[in-house]
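A.B. asks: Input: one structure, supplied below.
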Amino acid sequence: MTLVRRSSEHGITTLTLDSPHNRNALSSRLVAELLEGLEEAGEDGEARAVLLTHTGNTFCSGADLTEAGSDGPQALVRLMRTVVELTKPVVARVNGHARAGGLGLLGSCDISVAGEAATFAFTEARLGLAPAVISLPLLPRLDARAAARYYLTGERFGAAEAVRIGLVTAGEQELDAILDGLRRGSPQGLAESKALATADVRRAFDRDAEGLTALSARLFASSEAREGMTAFLERREPVWAR
C-alpha cells in the first residue's frame, strides 16, 4: 500500500499524503516515500512546482508515536530541509488538522493555503516535549508573540489565525491563482527566487539543526515524554495536568 500518491498535470506534481489510518503521521515509511516523491519532482524538467496535499480529515498529525525512540528527529530534519532546498516551489494545501511535526512540514513549504476545515496546534508541551526541530523553518516566519502563545499553550486555532501569524499564506480559494502564477515561471527564475525567499530559513538549518535535533532526541527519551505519549495514546490526561 502506497502512503504517498503521486500525479502530474499541467506542470504541477501533486504529492498526496494517504495514510488515514494513523492521521498521516510521519512514520518512517511515509517520510521515505515523501522524500522519494520530492526528489523525483526536483529532477522532472516538466514540473514547475510541487503541490503537497492529503486525504482524510488530517493533513499530518506529526510524529508517529508508535515509532518514538527511532531516528525521528533526524528524519524530520532531512525531510524539512529537502522541502526548503528543493529548486521547485512547494505549495501545501491543508483542509484538515495539522499538529506538531506536521506543522514543521507545513512551515517548510514555500506557500501554503488552508480551507475552512483546517485546524492547527503545537501540542508538544502537553506531551512533555517541545517544538524543537520544527522551529527551524517556523521561527523565521512566524509572528514572535504568536509563536510564544501557541508553543506554550497548545491551543487549537483555525485558518484565519494561521494566516495572521504567518503559518499559512492564504485561504484555499487562492490556490488556483497561485498555481497559475507558478506555471508561468521559468525554472531558473523560480529556483533563484525561492533561494532568496528561503535564505533565513536555510541559515537556521545550518546554524541550529544539530543542537535542536539533540534536544528533540533528549526530550523524547525522557520520563515526562513517555508519560505524555502514553497518556495521549490511552486518551487520558497526563499526571501533570491540572
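Lettering and numbering for the C-alpha cells are positional, with chains as A, B, ... in the shown order, residues counted from 1 in each chain, and ligands counted from 1 in the shown order.
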Near stretch 141-158 of chain A, within 12 Å and counting only C-alpha atoms, which residues show up once chain neighbours fewer than 3 positions away are dropped, as an MDAnalysis selection string?
C.D. replies: chainID A and resid 94:100 103:104 106:111 113:132 134:138 161:169 171 197:202 204
A.B. asks: Would you kindly return, as a CSV table (one decimal) with C-alpha atoms, in the first residue's frame, each protein, DNA or RNA residue with an atom no farther than 10 Å from any atom of A:Asp44, considering only C-alpha atoms and excluding same-chain residues fewer than 5 positions away?
C.D. replies:
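Saved result, result15.csv, follows:
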chain,number,residue,atom,x,y,z
A,11,GLY,CA,3.4,21.5,-14.8
A,13,THR,CA,3.4,17.5,-9.4
A,38,LEU,CA,10.1,15.2,-3.8
A,39,GLU,CA,13.4,14.1,-5.3
A,49,ALA,CA,6.1,23.2,-8.7
A,88,LYS,CA,11.0,23.8,-7.3
A.B. asks: Would you list the contacts of A:Leu79 as a short mmCIF file (atom, residue, chain, number, x, y, z; two decimals) with all heavy atoms, in the first residue's frame, taking every protein, DNA or RNA residue within 10 Å and counting only C-alpha atoms, but skipping same-chain residues closer than 2 positions in sequence?
C.D. replies:
data_model
loop_
_atom_site.label_atom_id
_atom_site.label_comp_id
_atom_site.auth_asym_id
_atom_site.auth_seq_id
_atom_site.Cartn_x
_atom_site.Cartn_y
_atom_site.Cartn_z
N VAL A 31 7.69 9.07 5.45
CA VAL A 31 8.77 10.02 5.20
C VAL A 31 9.62 9.58 4.03
O VAL A 31 9.98 10.39 3.16
CB VAL A 31 9.62 10.21 6.47
CG1 VAL A 31 10.90 11.00 6.17
CG2 VAL A 31 8.82 10.92 7.56
N ALA A 32 9.95 8.28 3.97
CA ALA A 32 10.77 7.78 2.86
C ALA A 32 10.07 7.96 1.52
O ALA A 32 10.69 8.38 0.53
CB ALA A 32 11.10 6.31 3.09
N LEU A 34 7.74 10.17 0.81
CA LEU A 34 7.63 11.59 0.50
C LEU A 34 8.96 12.14 0.00
O LEU A 34 9.00 12.93 -0.96
CB LEU A 34 7.15 12.36 1.74
CG LEU A 34 6.89 13.85 1.58
CD1 LEU A 34 5.99 14.14 0.39
CD2 LEU A 34 6.29 14.42 2.87
N LEU A 35 10.05 11.72 0.62
CA LEU A 35 11.37 12.14 0.14
C LEU A 35 11.59 11.68 -1.31
O LEU A 35 12.08 12.45 -2.14
CB LEU A 35 12.46 11.55 1.03
CG LEU A 35 12.71 12.25 2.37
CD1 LEU A 35 13.62 11.40 3.24
CD2 LEU A 35 13.31 13.63 2.16
N LEU A 38 9.55 13.92 -3.63
CA LEU A 38 10.15 15.25 -3.77
C LEU A 38 11.38 15.22 -4.66
O LEU A 38 11.58 16.09 -5.51
CB LEU A 38 10.52 15.79 -2.38
CG LEU A 38 9.34 16.19 -1.48
CD1 LEU A 38 9.82 16.35 -0.04
CD2 LEU A 38 8.69 17.47 -1.97
N PRO A 73 13.67 12.53 14.85
CA PRO A 73 14.10 13.93 14.70
C PRO A 73 15.03 14.15 13.51
O PRO A 73 14.86 15.10 12.75
CB PRO A 73 14.80 14.23 16.03
CG PRO A 73 14.17 13.29 17.00
CD PRO A 73 13.90 12.03 16.22
N GLN A 74 16.00 13.24 13.33
CA GLN A 74 16.92 13.38 12.20
C GLN A 74 16.18 13.23 10.87
O GLN A 74 16.45 13.98 9.92
CB GLN A 74 18.03 12.32 12.28
CG GLN A 74 18.93 12.47 13.49
CD GLN A 74 18.48 11.61 14.66
OE1 GLN A 74 17.29 11.41 14.89
NE2 GLN A 74 19.45 11.11 15.42
N ALA A 75 15.23 12.29 10.82
CA ALA A 75 14.48 12.08 9.58
C ALA A 75 13.61 13.28 9.25
O ALA A 75 13.49 13.68 8.08
CB ALA A 75 13.62 10.82 9.69
N LEU A 76 13.00 13.89 10.29
CA LEU A 76 12.17 15.06 10.05
C LEU A 76 13.01 16.24 9.58
O LEU A 76 12.60 16.98 8.68
CB LEU A 76 11.39 15.42 11.31
CG LEU A 76 10.46 16.63 11.21
CD1 LEU A 76 9.50 16.50 10.03
CD2 LEU A 76 9.69 16.83 12.52
N VAL A 77 14.19 16.42 10.17
CA VAL A 77 15.08 17.50 9.72
C VAL A 77 15.44 17.29 8.25
O VAL A 77 15.41 18.24 7.44
CB VAL A 77 16.34 17.57 10.59
CG1 VAL A 77 17.39 18.49 9.95
CG2 VAL A 77 16.00 18.09 11.98
N ARG A 81 14.36 19.92 5.39
CA ARG A 81 15.43 20.56 4.63
C ARG A 81 15.30 20.26 3.14
O ARG A 81 15.57 21.12 2.29
CB ARG A 81 16.79 20.09 5.15
CG ARG A 81 17.95 20.88 4.60
CD ARG A 81 19.19 20.71 5.45
NE ARG A 81 20.11 21.82 5.28
CZ ARG A 81 21.05 22.17 6.12
NH1 ARG A 81 21.19 21.49 7.25
NH2 ARG A 81 21.83 23.20 5.89
N THR A 82 14.85 19.06 2.80
CA THR A 82 14.64 18.72 1.39
C THR A 82 13.59 19.63 0.77
O THR A 82 13.75 20.11 -0.36
CB THR A 82 14.22 17.25 1.25
OG1 THR A 82 15.28 16.41 1.73
CG2 THR A 82 13.91 16.90 -0.19
N VAL A 83 12.49 19.88 1.51
CA VAL A 83 11.45 20.77 1.01
C VAL A 83 12.01 22.18 0.82
O VAL A 83 11.79 22.83 -0.22
CB VAL A 83 10.25 20.80 1.98
CG1 VAL A 83 9.23 21.86 1.55
CG2 VAL A 83 9.59 19.43 2.04
N VAL A 84 12.75 22.67 1.81
CA VAL A 84 13.28 24.03 1.76
C VAL A 84 14.29 24.18 0.62
O VAL A 84 14.30 25.21 -0.08
CB VAL A 84 13.93 24.40 3.11
CG1 VAL A 84 14.71 25.71 3.01
CG2 VAL A 84 12.87 24.50 4.19
N GLY A 104 5.77 21.49 11.14
CA GLY A 104 7.10 21.68 10.60
C GLY A 104 7.13 21.41 9.10
O GLY A 104 7.76 22.14 8.34
N LEU A 105 6.44 20.35 8.68
CA LEU A 105 6.34 20.06 7.26
C LEU A 105 5.62 21.19 6.53
O LEU A 105 6.08 21.67 5.48
CB LEU A 105 5.59 18.74 7.06
CG LEU A 105 5.32 18.30 5.63
CD1 LEU A 105 6.60 18.16 4.84
CD2 LEU A 105 4.53 16.99 5.62
N SER A 108 7.78 24.31 6.21
CA SER A 108 8.89 24.19 5.26
C SER A 108 8.48 24.55 3.85
O SER A 108 9.34 24.89 3.03
CB SER A 108 9.42 22.75 5.27
OG SER A 108 9.86 22.38 6.55
#
A.B. asks: Skipping near chain neighbours, those fewer than 2 positions away, what residues fall within 9 Å of A:Ser28 using only C-alpha atoms, listed as number ranges by chain?
C.D. replies: A: 26, 30-33, 64, 67, 70-72, 75
A.B. asks: Output the selection as an mmCIF file, in the first residue's frame - C-alpha atoms for each residue.
C.D. replies:
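Output file result.cif is given in full below:
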data_model
loop_
_atom_site.group_PDB
_atom_site.id
_atom_site.type_symbol
_atom_site.label_atom_id
_atom_site.label_comp_id
_atom_site.auth_asym_id
_atom_site.auth_seq_id
_atom_site.Cartn_x
_atom_site.Cartn_y
_atom_site.Cartn_z
ATOM 1 C CA LEU A 26 5.298 10.905 9.929
ATOM 2 C CA LEU A 30 5.692 7.807 4.827
ATOM 3 C CA VAL A 31 8.771 10.024 5.204
ATOM 4 C CA ALA A 32 10.772 7.780 2.863
ATOM 5 C CA GLU A 33 8.025 7.834 0.220
ATOM 6 C CA ASP A 64 4.287 8.509 14.659
ATOM 7 C CA GLU A 67 7.896 4.645 16.446
ATOM 8 C CA SER A 70 13.812 5.861 16.479
ATOM 9 C CA ASP A 71 15.677 8.376 14.321
ATOM 10 C CA GLY A 72 12.530 10.503 14.011
ATOM 11 C CA ALA A 75 14.480 12.078 9.580
#
A.B. asks: Return the single residue from A:Ser223, A:Gly42, A:Val91, A:Leu17 that is closest to A:Gly56, with distances computed using only C-alpha atoms.
C.D. replies: A:Leu17
A.B. asks: Please determine, counting only C-alpha atoms, which residue among A:Ala221, A:Met229, A:Leu15, A:Val90 has the shortest atom-to-atom distance to A:Ala191.
C.D. replies: A:Val90
A.B. asks: At what distance in Å, to one decimal, does atom CA of A:Arg93 lie from atom CA of A:Glu9?
C.D. replies: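 Going from atom CA of A:Glu9 over to atom CA of A:Arg93, I get 16.1 Å.
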A.B. asks: Can you work out which one of A:Thr87, A:Thr66, A:Gln173, A:Thr213 has the shortest atom-to-atom distance to A:Ser186, counting only C-alpha atoms?
C.D. replies: A:Thr87
A.B. asks: Just the residues within 6 Å of A:Ala92, please, counting only C-alpha atoms, with nothing from its chain fewer than 4 positions along; format it as a PDB file with all heavy atoms, in the first residue's frame.
C.D. replies:
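Now in part.pdb:
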ATOM      1  N   LEU A  51       2.735  20.352  -5.400  1.00  0.00           N
ATOM      2  CA  LEU A  51       1.585  20.586  -4.529  1.00  0.00           C
ATOM      3  C   LEU A  51       1.521  19.440  -3.536  1.00  0.00           C
ATOM      4  O   LEU A  51       1.408  18.274  -3.922  1.00  0.00           O
ATOM      5  CB  LEU A  51       0.292  20.663  -5.331  1.00  0.00           C
ATOM      6  CG  LEU A  51      -1.006  20.806  -4.519  1.00  0.00           C
ATOM      7  CD1 LEU A  51      -1.019  22.128  -3.753  1.00  0.00           C
ATOM      8  CD2 LEU A  51      -2.223  20.694  -5.434  1.00  0.00           C
ATOM      9  N   LEU A  52       1.604  19.762  -2.253  1.00  0.00           N
ATOM     10  CA  LEU A  52       1.549  18.770  -1.179  1.00  0.00           C
ATOM     11  C   LEU A  52       0.179  18.845  -0.520  1.00  0.00           C
ATOM     12  O   LEU A  52      -0.194  19.883   0.031  1.00  0.00           O
ATOM     13  CB  LEU A  52       2.645  19.038  -0.155  1.00  0.00           C
ATOM     14  CG  LEU A  52       2.716  18.098   1.051  1.00  0.00           C
ATOM     15  CD1 LEU A  52       2.984  16.667   0.607  1.00  0.00           C
ATOM     16  CD2 LEU A  52       3.778  18.573   2.031  1.00  0.00           C
ATOM     17  N   THR A  53      -0.579  17.747  -0.580  1.00  0.00           N
ATOM     18  CA  THR A  53      -1.916  17.749  -0.020  1.00  0.00           C
ATOM     19  C   THR A  53      -2.163  16.439   0.710  1.00  0.00           C
ATOM     20  O   THR A  53      -1.227  15.689   0.999  1.00  0.00           O
ATOM     21  CB  THR A  53      -2.963  18.029  -1.119  1.00  0.00           C
ATOM     22  OG1 THR A  53      -4.257  18.160  -0.525  1.00  0.00           O
ATOM     23  CG2 THR A  53      -2.970  16.947  -2.174  1.00  0.00           C
ATOM     24  N   SER A 112       1.499  28.192   1.336  1.00  0.00           N
ATOM     25  CA  SER A 112       0.507  27.256   1.869  1.00  0.00           C
ATOM     26  C   SER A 112      -0.863  27.914   1.855  1.00  0.00           C
ATOM     27  O   SER A 112      -0.991  29.128   2.043  1.00  0.00           O
ATOM     28  CB  SER A 112       0.879  26.827   3.291  1.00  0.00           C
ATOM     29  OG  SER A 112       1.057  27.959   4.124  1.00  0.00           O
TER      30      SER A 112
END
A.B. asks: As a PyMOL selection string, which residues of stretch 40-232 of chain A does DSSP assign to strand (DSSP E or B)?
C.D. replies: chain A and resi 49-54+58-60+63+90-94+97-99+111-114+119-121+157-158+170-171
A.B. asks: DSSP on the backbone: what in stretch 74-180 of chain A comes out helix (DSSP H, G or I), as a CSV table (one decimal) with N, CA, C and O atoms, in the first residue's frame?
C.D. replies:
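Dumped to out10.csv:
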chain,number,residue,atom,x,y,z
A,74,GLN,N,16.0,13.2,13.3
A,74,GLN,CA,16.9,13.4,12.2
A,74,GLN,C,16.2,13.2,10.9
A,74,GLN,O,16.4,14.0,9.9
A,75,ALA,N,15.2,12.3,10.8
A,75,ALA,CA,14.5,12.1,9.6
A,75,ALA,C,13.6,13.3,9.2
A,75,ALA,O,13.5,13.7,8.1
A,76,LEU,N,13.0,13.9,10.3
A,76,LEU,CA,12.2,15.1,10.0
A,76,LEU,C,13.0,16.2,9.6
A,76,LEU,O,12.6,17.0,8.7
A,77,VAL,N,14.2,16.4,10.2
A,77,VAL,CA,15.1,17.5,9.7
A,77,VAL,C,15.4,17.3,8.3
A,77,VAL,O,15.4,18.2,7.4
A,78,ARG,N,15.7,16.1,7.9
A,78,ARG,CA,16.1,15.8,6.5
A,78,ARG,C,14.9,16.1,5.6
A,78,ARG,O,15.1,16.7,4.5
A,79,LEU,N,13.7,15.7,6.0
A,79,LEU,CA,12.5,15.9,5.2
A,79,LEU,C,12.3,17.4,5.0
A,79,LEU,O,12.1,17.9,3.9
A,80,MET,N,12.3,18.2,6.1
A,80,MET,CA,12.0,19.6,6.0
A,80,MET,C,13.1,20.3,5.2
A,80,MET,O,12.8,21.2,4.4
A,81,ARG,N,14.4,19.9,5.4
A,81,ARG,CA,15.4,20.6,4.6
A,81,ARG,C,15.3,20.3,3.1
A,81,ARG,O,15.6,21.1,2.3
A,82,THR,N,14.9,19.1,2.8
A,82,THR,CA,14.6,18.7,1.4
A,82,THR,C,13.6,19.6,0.8
A,82,THR,O,13.7,20.1,-0.4
A,83,VAL,N,12.5,19.9,1.5
A,83,VAL,CA,11.4,20.8,1.0
A,83,VAL,C,12.0,22.2,0.8
A,83,VAL,O,11.8,22.8,-0.2
A,84,VAL,N,12.7,22.7,1.8
A,84,VAL,CA,13.3,24.0,1.8
A,84,VAL,C,14.3,24.2,0.6
A,84,VAL,O,14.3,25.2,-0.1
A,85,GLU,N,15.1,23.2,0.4
A,85,GLU,CA,16.2,23.3,-0.6
A,85,GLU,C,15.9,22.8,-2.0
A,85,GLU,O,16.6,23.0,-2.9
A,101,GLY,N,4.7,17.9,14.5
A,101,GLY,CA,5.6,17.8,13.4
A,101,GLY,C,5.0,18.1,12.1
A,101,GLY,O,5.7,18.5,11.1
A,102,GLY,N,3.7,17.9,11.9
A,102,GLY,CA,3.0,18.3,10.7
A,102,GLY,C,3.1,19.7,10.4
A,102,GLY,O,3.1,20.2,9.2
A,103,LEU,N,3.2,20.6,11.5
A,103,LEU,CA,3.4,22.0,11.3
A,103,LEU,C,4.8,22.3,10.8
A,103,LEU,O,5.0,23.3,10.1
A,104,GLY,N,5.8,21.5,11.1
A,104,GLY,CA,7.1,21.7,10.6
A,104,GLY,C,7.1,21.4,9.1
A,104,GLY,O,7.8,22.1,8.3
A,105,LEU,N,6.4,20.3,8.7
A,105,LEU,CA,6.3,20.1,7.3
A,105,LEU,C,5.6,21.2,6.5
A,105,LEU,O,6.1,21.7,5.5
A,106,LEU,N,4.5,21.7,7.1
A,106,LEU,CA,3.8,22.8,6.5
A,106,LEU,C,4.7,24.0,6.4
A,106,LEU,O,4.7,24.7,5.4
A,107,GLY,N,5.4,24.3,7.5
A,107,GLY,CA,6.2,25.5,7.6
A,107,GLY,C,7.4,25.5,6.6
A,107,GLY,O,7.9,26.5,6.3
A,108,SER,N,7.8,24.3,6.2
A,108,SER,CA,8.9,24.2,5.3
A,108,SER,C,8.5,24.6,3.8
A,108,SER,O,9.3,24.9,3.0
A,124,GLU,N,3.2,19.9,21.5
A,124,GLU,CA,4.4,19.2,22.1
A,124,GLU,C,4.5,19.4,23.6
A,124,GLU,O,4.8,18.5,24.4
A,125,ALA,N,4.2,20.7,24.1
A,125,ALA,CA,4.4,20.9,25.5
A,125,ALA,C,3.5,20.1,26.4
A,125,ALA,O,3.8,19.7,27.5
A,126,ARG,N,2.3,19.7,25.8
A,126,ARG,CA,1.4,18.9,26.6
A,126,ARG,C,1.8,17.4,26.6
A,126,ARG,O,1.2,16.6,27.4
A,127,LEU,N,2.8,17.1,25.8
A,127,LEU,CA,3.3,15.7,25.8
A,127,LEU,C,4.7,15.6,26.5
A,127,LEU,O,5.3,14.5,26.4
A,135,SER,N,11.0,24.1,14.7
A,135,SER,CA,11.3,25.6,14.8
A,135,SER,C,12.2,26.1,13.7
A,135,SER,O,12.3,27.3,13.4
A,136,LEU,N,13.0,25.1,13.1
A,136,LEU,CA,13.9,25.5,12.1
A,136,LEU,C,13.3,26.3,10.9
A,136,LEU,O,13.7,27.4,10.6
A,137,PRO,N,12.2,25.8,10.3
A,137,PRO,CA,11.5,26.6,9.3
A,137,PRO,C,10.5,27.6,9.9
A,137,PRO,O,10.1,28.5,9.2
A,138,LEU,N,10.0,27.3,11.1
A,138,LEU,CA,8.9,28.1,11.6
A,138,LEU,C,9.3,29.4,12.2
A,138,LEU,O,8.6,30.4,11.9
A,144,ALA,N,6.4,36.5,16.4
A,144,ALA,CA,7.1,36.1,17.6
A,144,ALA,C,6.1,35.9,18.8
A,144,ALA,O,6.2,34.9,19.6
A,145,ARG,N,5.2,36.9,19.0
A,145,ARG,CA,4.3,36.8,20.1
A,145,ARG,C,3.3,35.6,19.9
A,145,ARG,O,3.0,34.9,20.9
A,146,ALA,N,2.9,35.4,18.7
A,146,ALA,CA,2.0,34.2,18.4
A,146,ALA,C,2.7,32.9,18.7
A,146,ALA,O,2.2,32.0,19.2
A,147,ALA,N,4.0,32.8,18.2
A,147,ALA,CA,4.8,31.6,18.5
A,147,ALA,C,4.9,31.3,19.9
A,147,ALA,O,4.7,30.2,20.4
A,148,ALA,N,5.1,32.3,20.8
A,148,ALA,CA,5.2,32.1,22.2
A,148,ALA,C,3.9,31.6,22.8
A,148,ALA,O,3.9,30.6,23.5
A,149,ARG,N,2.8,32.2,22.4
A,149,ARG,CA,1.5,31.8,22.9
A,149,ARG,C,1.2,30.3,22.5
A,149,ARG,O,0.9,29.5,23.4
A,150,TYR,N,1.3,30.0,21.2
A,150,TYR,CA,0.8,28.7,20.8
A,150,TYR,C,1.8,27.6,21.1
A,150,TYR,O,1.4,26.5,21.3
A,151,TYR,N,3.1,27.9,21.1
A,151,TYR,CA,4.1,26.9,21.6
A,151,TYR,C,3.8,26.5,23.0
A,151,TYR,O,3.9,25.3,23.4
A,152,LEU,N,3.4,27.5,23.9
A,152,LEU,CA,3.3,27.2,25.3
A,152,LEU,C,1.9,26.7,25.7
A,152,LEU,O,1.8,25.8,26.5
A,153,THR,N,0.9,27.1,25.0
A,153,THR,CA,-0.5,26.7,25.5
A,153,THR,C,-1.0,25.5,24.7
A,153,THR,O,-1.9,24.8,25.3
A,159,ALA,N,-7.9,28.6,10.3
A,159,ALA,CA,-7.1,29.1,9.1
A,159,ALA,C,-6.9,30.6,9.2
A,159,ALA,O,-5.8,31.1,8.8
A,160,ALA,N,-7.9,31.4,9.6
A,160,ALA,CA,-7.7,32.8,9.6
A,160,ALA,C,-6.5,33.3,10.5
A,160,ALA,O,-5.7,34.1,10.2
A,161,GLU,N,-6.5,32.6,11.7
A,161,GLU,CA,-5.4,32.9,12.6
A,161,GLU,C,-4.0,32.4,12.1
A,161,GLU,O,-3.0,33.1,12.2
A,162,ALA,N,-4.1,31.3,11.4
A,162,ALA,CA,-2.8,30.8,10.8
A,162,ALA,C,-2.3,31.8,9.8
A,162,ALA,O,-1.1,31.9,9.7
A,163,VAL,N,-3.2,32.4,9.0
A,163,VAL,CA,-2.7,33.4,8.0
A,163,VAL,C,-2.2,34.6,8.7
A,163,VAL,O,-1.1,35.1,8.4
A,164,ARG,N,-2.9,35.0,9.8
A,164,ARG,CA,-2.5,36.2,10.5
A,164,ARG,C,-1.0,36.1,11.1
A,164,ARG,O,-0.3,37.1,11.1
A,165,ILE,N,-0.7,34.9,11.6
A,165,ILE,CA,0.6,34.8,12.3
A,165,ILE,C,1.7,34.3,11.4
A,165,ILE,O,2.8,34.2,11.8
A,172,GLU,N,-7.8,28.8,1.0
A,172,GLU,CA,-7.8,27.8,-0.1
A,172,GLU,C,-8.3,28.4,-1.4
A,172,GLU,O,-7.9,27.9,-2.5
A,173,GLN,N,-9.1,29.4,-1.3
A,173,GLN,CA,-9.7,30.0,-2.6
A,173,GLN,C,-8.7,30.6,-3.5
A,173,GLN,O,-8.9,30.8,-4.7
A,174,GLU,N,-7.5,30.8,-3.0
A,174,GLU,CA,-6.4,31.5,-3.8
A,174,GLU,C,-5.5,30.4,-4.4
A,174,GLU,O,-4.5,30.8,-5.1
A,175,LEU,N,-5.8,29.2,-4.2
A,175,LEU,CA,-4.8,28.1,-4.7
A,175,LEU,C,-4.7,28.2,-6.3
A,175,LEU,O,-3.6,28.1,-6.8
A,176,ASP,N,-5.8,28.3,-7.0
A,176,ASP,CA,-5.7,28.3,-8.4
A,176,ASP,C,-4.9,29.4,-9.0
A,176,ASP,O,-4.0,29.2,-9.9
A,177,ALA,N,-5.0,30.6,-8.4
A,177,ALA,CA,-4.2,31.7,-8.9
A,177,ALA,C,-2.7,31.5,-8.5
A,177,ALA,O,-1.9,31.9,-9.4
A,178,ILE,N,-2.4,30.9,-7.4
A,178,ILE,CA,-1.1,30.7,-7.0
A,178,ILE,C,-0.4,29.7,-8.0
A,178,ILE,O,0.7,29.9,-8.5
A,179,LEU,N,-1.1,28.6,-8.3
A,179,LEU,CA,-0.6,27.6,-9.2
A,179,LEU,C,-0.4,28.1,-10.6
A,179,LEU,O,0.6,27.8,-11.3
A,180,ASP,N,-1.4,28.9,-11.0
A,180,ASP,CA,-1.3,29.5,-12.4
A,180,ASP,C,0.0,30.4,-12.4
A,180,ASP,O,0.7,30.4,-13.4
